[in-house]
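S.K.: Take this structure first; my questions come after.
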Amino acid sequence: MIAEIQTWVVKEPWLNIHCSLGEGPYYEPGTNTLRFVDIIKKQLHTVGLAEGPRSLKTLQFDQPVGVTADIEGLDPSKQVLVGGKGGIYILERETGKLELLNKFYDEPHKERDEALRSNDGAVDPQGRFWVATMNDFHVNPLTDAGVLFRFNTDLTRHSLRRSLIIPNSVGWSCDQKTMYFTHSTEKRIIAFDYFPGSGSISNERVFWQYEGAGDPDGFKIDSEGNIWQAIYGDSKVIKISPEGKVVGEVLYPTRCITCPVFIGTELWVTTAGDGDEKETESKRYGGAIFKVDVGVTGLKENKFKLDDDLKR
């Protein structure tokens, strides 16, 4: 007997912005705003939730930005941390200036650096920034050059997992004993034993394997320990229990769901454009922002604890 799962159906977008590759949604409670990136168009969008879609503001960059995070002690309406093309940066939001904090690689390498960019990432409960890099398939063909990096609060850089093709979200269990990491290319969420004091990981294993046609993309974890995993290409977000069982799904009218974020008990998602001309309905809403109330809150976002003497 197949167990029933809870299902939510979303029919219309909240913001039909038509991102090429919407990603990295991040809620700012202090200003009640949502920020998210368009990696392909090299943009950061910000929209006020009380004011609605008409409040949309856009920053244009000269490089792709994959993920953003708040920095402890700094006003996120003015400065945030970003994973960019060649490293991690502080973004001055009033001017759009990106100030490099540390590179992914110390030595230049023309072929690697041309296609290098960050993808997804997150700050761990101890305030360290984890970000994954990949070979940008809009520049060169995909390779296994991707790496999962950890930047400590003193900006020292550590590589934790290599030989990645399309690395994606990182997150931590409620008890901080397990770290989860999505490798889209292998269609799986990988689990590691996580050691909070050092940030080290061990005992790599497959936590959950997707058997559908699409690919797992970004995820967020709720306050009950469930993983809400976006499935790129299959029009849904899947809710996965701490035991690795599918217990729910959210269905959308466009195929390319990229990354979720919790705002209260609402699950908001970014999406990407659908290039398939046969998918008329999916193309109509591809790249839009959607929301739905799923009755549970997410874990609080952690802030990057950049050492005080390194703050600009």
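Convention: chains lettered A, B, ... in structure tokens order; per-chain residue numbering from 1; ligands numbered from 1 as shown.
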Write out as a PyMOL selection string which residues come within 12 Å of Arg128 (chain A) when counting only C-alpha atoms, dropping same-chain ones fewer than 2 positions away.
M.R.: chain A and resi 69-72+81+121-126+130-131+149-158+196-200+302-307
S.K.: If you run DSSP over the backbone, which residues in region 196-308 of chain A end up strand (DSSP E)? Put them as a ChimeraX atom specification.
M.R.: /A:200-209,215-221,227-232,236-240,246-251,257-263,266-271,290-293
S.K.: Just give me the gap between CA of Gln176 (chain A) and CA of Phe195 (chain A) in Å, one decimal is fine.
M.R.: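 Computing it gives 7.9 Å between the two atoms.
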S.K.: Could you tell me how far CA of Tyr105 (chain A) lies from CA of Asp75 (chain A), in Å and to one decimal?
M.R.: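 CA of Asp75 (chain A) lies 28.7 Å from CA of Tyr105 (chain A).
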S.K.: In Å, rounded to a single decimal, give me how far CA of Lys85 (chain A) is from CA of Ser118 (chain A).
M.R.: 5.8 Å
S.K.: Can you check which parts of region 9-102 of chain A lie within 12 Å of region 134-147 of chain A? Per residue, the shortest pair of atoms and distance in Å to one decimal, counting only C-alpha atoms, sorted by chain and number, as CSV.
M.R.:
residue,atom,partner,partner_atom,distance
A:Ser20,CA,A:His138,CA,11.7
A:Leu21,CA,A:His138,CA,11.3
A:Ile39,CA,A:Asp136,CA,10.1
A:Ile40,CA,A:His138,CA,8.1
A:Lys41,CA,A:His138,CA,11.3
A:Gln63,CA,A:Asp136,CA,11.7
A:Pro64,CA,A:Asp136,CA,9.6
A:Val65,CA,A:Asp136,CA,11.6
A:Gly66,CA,A:Met134,CA,10.5
A:Gly83,CA,A:Met134,CA,11.8
A:Gly84,CA,A:Met134,CA,11.3
A:Lys85,CA,A:Asp136,CA,9.5
A:Gly86,CA,A:Met134,CA,10.7
A:Gly87,CA,A:Met134,CA,11.9
S.K.: Output the selection as a compact mmCIF listing (two decimals), in the first residue's frame - all heavy atoms for each residue.
M.R.:
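To be explicit, this is the file written out as result29.txt:
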# COMPACT_ATOMS: atom_id res chain seq x y z
N SER A 20 15.82 34.52 -16.12
CA SER A 20 16.42 33.46 -16.91
C SER A 20 16.81 32.29 -16.01
O SER A 20 16.55 31.12 -16.33
CB SER A 20 17.67 33.97 -17.64
OG SER A 20 17.30 34.91 -18.63
N LEU A 21 17.42 32.61 -14.85
CA LEU A 21 17.76 31.60 -13.86
C LEU A 21 17.63 32.22 -12.47
O LEU A 21 18.61 32.66 -11.87
CB LEU A 21 19.18 31.06 -14.10
CG LEU A 21 19.66 29.96 -13.15
CD1 LEU A 21 18.68 28.80 -13.07
CD2 LEU A 21 21.04 29.45 -13.56
N ILE A 39 21.05 34.45 -12.05
CA ILE A 39 22.46 34.15 -12.31
C ILE A 39 22.84 34.49 -13.75
O ILE A 39 23.89 35.09 -14.01
CB ILE A 39 22.75 32.67 -12.01
CG1 ILE A 39 22.56 32.39 -10.51
CG2 ILE A 39 24.17 32.30 -12.42
CD1 ILE A 39 22.74 30.93 -10.11
N ILE A 40 22.00 34.13 -14.69
CA ILE A 40 22.33 34.35 -16.10
C ILE A 40 22.34 35.83 -16.46
O ILE A 40 23.25 36.32 -17.14
CB ILE A 40 21.35 33.58 -17.01
CG1 ILE A 40 21.53 32.07 -16.83
CG2 ILE A 40 21.56 33.96 -18.48
CD1 ILE A 40 20.55 31.24 -17.61
N LYS A 41 21.36 36.58 -15.98
CA LYS A 41 21.28 38.02 -16.28
C LYS A 41 22.19 38.86 -15.38
O LYS A 41 22.28 40.07 -15.55
CB LYS A 41 19.85 38.50 -16.16
CG LYS A 41 18.92 37.93 -17.23
CD LYS A 41 17.50 38.47 -17.07
CE LYS A 41 16.57 37.89 -18.13
NZ LYS A 41 15.16 38.36 -17.94
N GLN A 63 29.16 40.39 -13.28
CA GLN A 63 29.53 39.00 -13.08
C GLN A 63 28.33 38.26 -12.50
O GLN A 63 27.46 38.87 -11.87
CB GLN A 63 30.72 38.87 -12.13
CG GLN A 63 30.45 39.38 -10.72
CD GLN A 63 31.57 39.02 -9.75
OE1 GLN A 63 31.69 37.88 -9.32
NE2 GLN A 63 32.40 40.01 -9.41
N PRO A 64 28.26 36.94 -12.68
CA PRO A 64 27.16 36.19 -12.10
C PRO A 64 27.31 36.06 -10.59
O PRO A 64 28.41 35.84 -10.08
CB PRO A 64 27.27 34.81 -12.78
CG PRO A 64 28.70 34.70 -13.18
CD PRO A 64 29.15 36.09 -13.50
N VAL A 65 26.20 36.19 -9.87
CA VAL A 65 26.14 35.99 -8.42
C VAL A 65 25.20 34.82 -8.16
O VAL A 65 24.07 34.80 -8.66
CB VAL A 65 25.66 37.26 -7.70
CG1 VAL A 65 25.33 36.96 -6.24
CG2 VAL A 65 26.72 38.35 -7.79
N GLY A 66 25.65 33.84 -7.37
CA GLY A 66 24.86 32.64 -7.17
C GLY A 66 24.08 32.60 -5.88
O GLY A 66 23.02 31.99 -5.79
N GLY A 83 28.32 35.08 -2.99
CA GLY A 83 29.20 34.19 -3.72
C GLY A 83 29.15 34.61 -5.18
O GLY A 83 28.08 34.58 -5.80
N GLY A 84 30.28 35.02 -5.72
CA GLY A 84 30.31 35.55 -7.08
C GLY A 84 31.07 34.64 -8.03
O GLY A 84 31.15 33.43 -7.83
N LYS A 85 31.66 35.25 -9.03
CA LYS A 85 32.34 34.45 -10.06
C LYS A 85 33.65 33.84 -9.56
O LYS A 85 33.88 32.65 -9.74
CB LYS A 85 32.60 35.31 -11.29
CG LYS A 85 33.33 34.56 -12.40
CD LYS A 85 33.38 35.34 -13.68
CE LYS A 85 34.22 34.60 -14.72
NZ LYS A 85 33.73 33.24 -15.01
N GLY A 86 34.48 34.66 -8.93
CA GLY A 86 35.81 34.18 -8.58
C GLY A 86 36.07 34.02 -7.11
O GLY A 86 37.17 33.64 -6.70
N GLY A 87 35.04 34.31 -6.26
CA GLY A 87 35.25 34.23 -4.83
C GLY A 87 34.05 34.74 -4.07
O GLY A 87 32.94 34.80 -4.61
S.K.: Neighbouring residues of region 4-19 of chain A were defined as those with any atom within 10 Å, considering only C-alpha atoms; residues of the same chain fewer than 3 positions away were excluded. Please report them as number ranges by chain.
M.R.: A: 1, 22-23, 37-41, 43, 45, 47, 52-54, 56, 236-239, 246-254, 268-274, 283-294
S.K.: Can you pull out every residue within 12 Å of Asp175 (chain A), counting only C-alpha atoms, but drop anything in the same chain fewer than 5 positions away, and send it as a PyMOL selection string?
M.R.: chain A and resi 125+193-196+223-225+242+299
S.K.: Compare A:Ala132, A:Leu49, A:Ile189, A:Ile263 by their minimum atom-to-atom distance to Ile240 (chain A), counting only C-alpha atoms, and give me the closest one.
M.R.: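 Distance minimum relative to Ile240 (chain A) lands on A:Ile189.
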S.K.: Based on DSSP run over this structure's backbone, return all residues of region 70-264 of chain A in alpha helix (DSSP H), as JSON, numbers by chain.
M.R.: {"A": [110, 111, 112, 113, 114, 115]}
S.K.: Just checking: using only C-alpha atoms, which residue out of A:Lys97, A:Glu92, A:Pro216, A:His109 ends up closest to Asp62 (chain A)?
M.R.: A:Lys97
S.K.: Tell me which protein, DNA and RNA residues are within 6 Å of Thr297 (chain A), counting only C-alpha atoms, leaving out same-chain ones fewer than 2 positions away, and put them as a PyMOL selection string.
M.R.: chain A and resi 222-223+264-265
S.K.: For Tyr232 (chain A), which of A:Thr58, A:Thr185, A:Asn203, A:Gln79 is the closest residue, counting only C-alpha atoms?
M.R.: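 Among A:Thr58, A:Thr185, A:Asn203, A:Gln79, it is A:Thr185 that comes nearest to Tyr232 (chain A).
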S.K.: Can you tell me which residues surround Lys220 (chain A) at a distance of at most 9 Å, considering only C-alpha atoms, apart from same-chain residues fewer than 2 positions away, and format the answer as JSON, numbers by chain?
M.R.: {"A": [169, 170, 171, 218, 222, 226, 227, 228, 229, 230, 259, 260, 261, 262, 298, 299]}
S.K.: Considering only C-alpha atoms, can you say which of A:Pro167, A:Leu101, A:Val82, A:Arg35 comes closest to Ser55 (chain A)?
M.R.: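 Using only C-alpha atoms, Ser55 (chain A) sits closest to A:Arg35.
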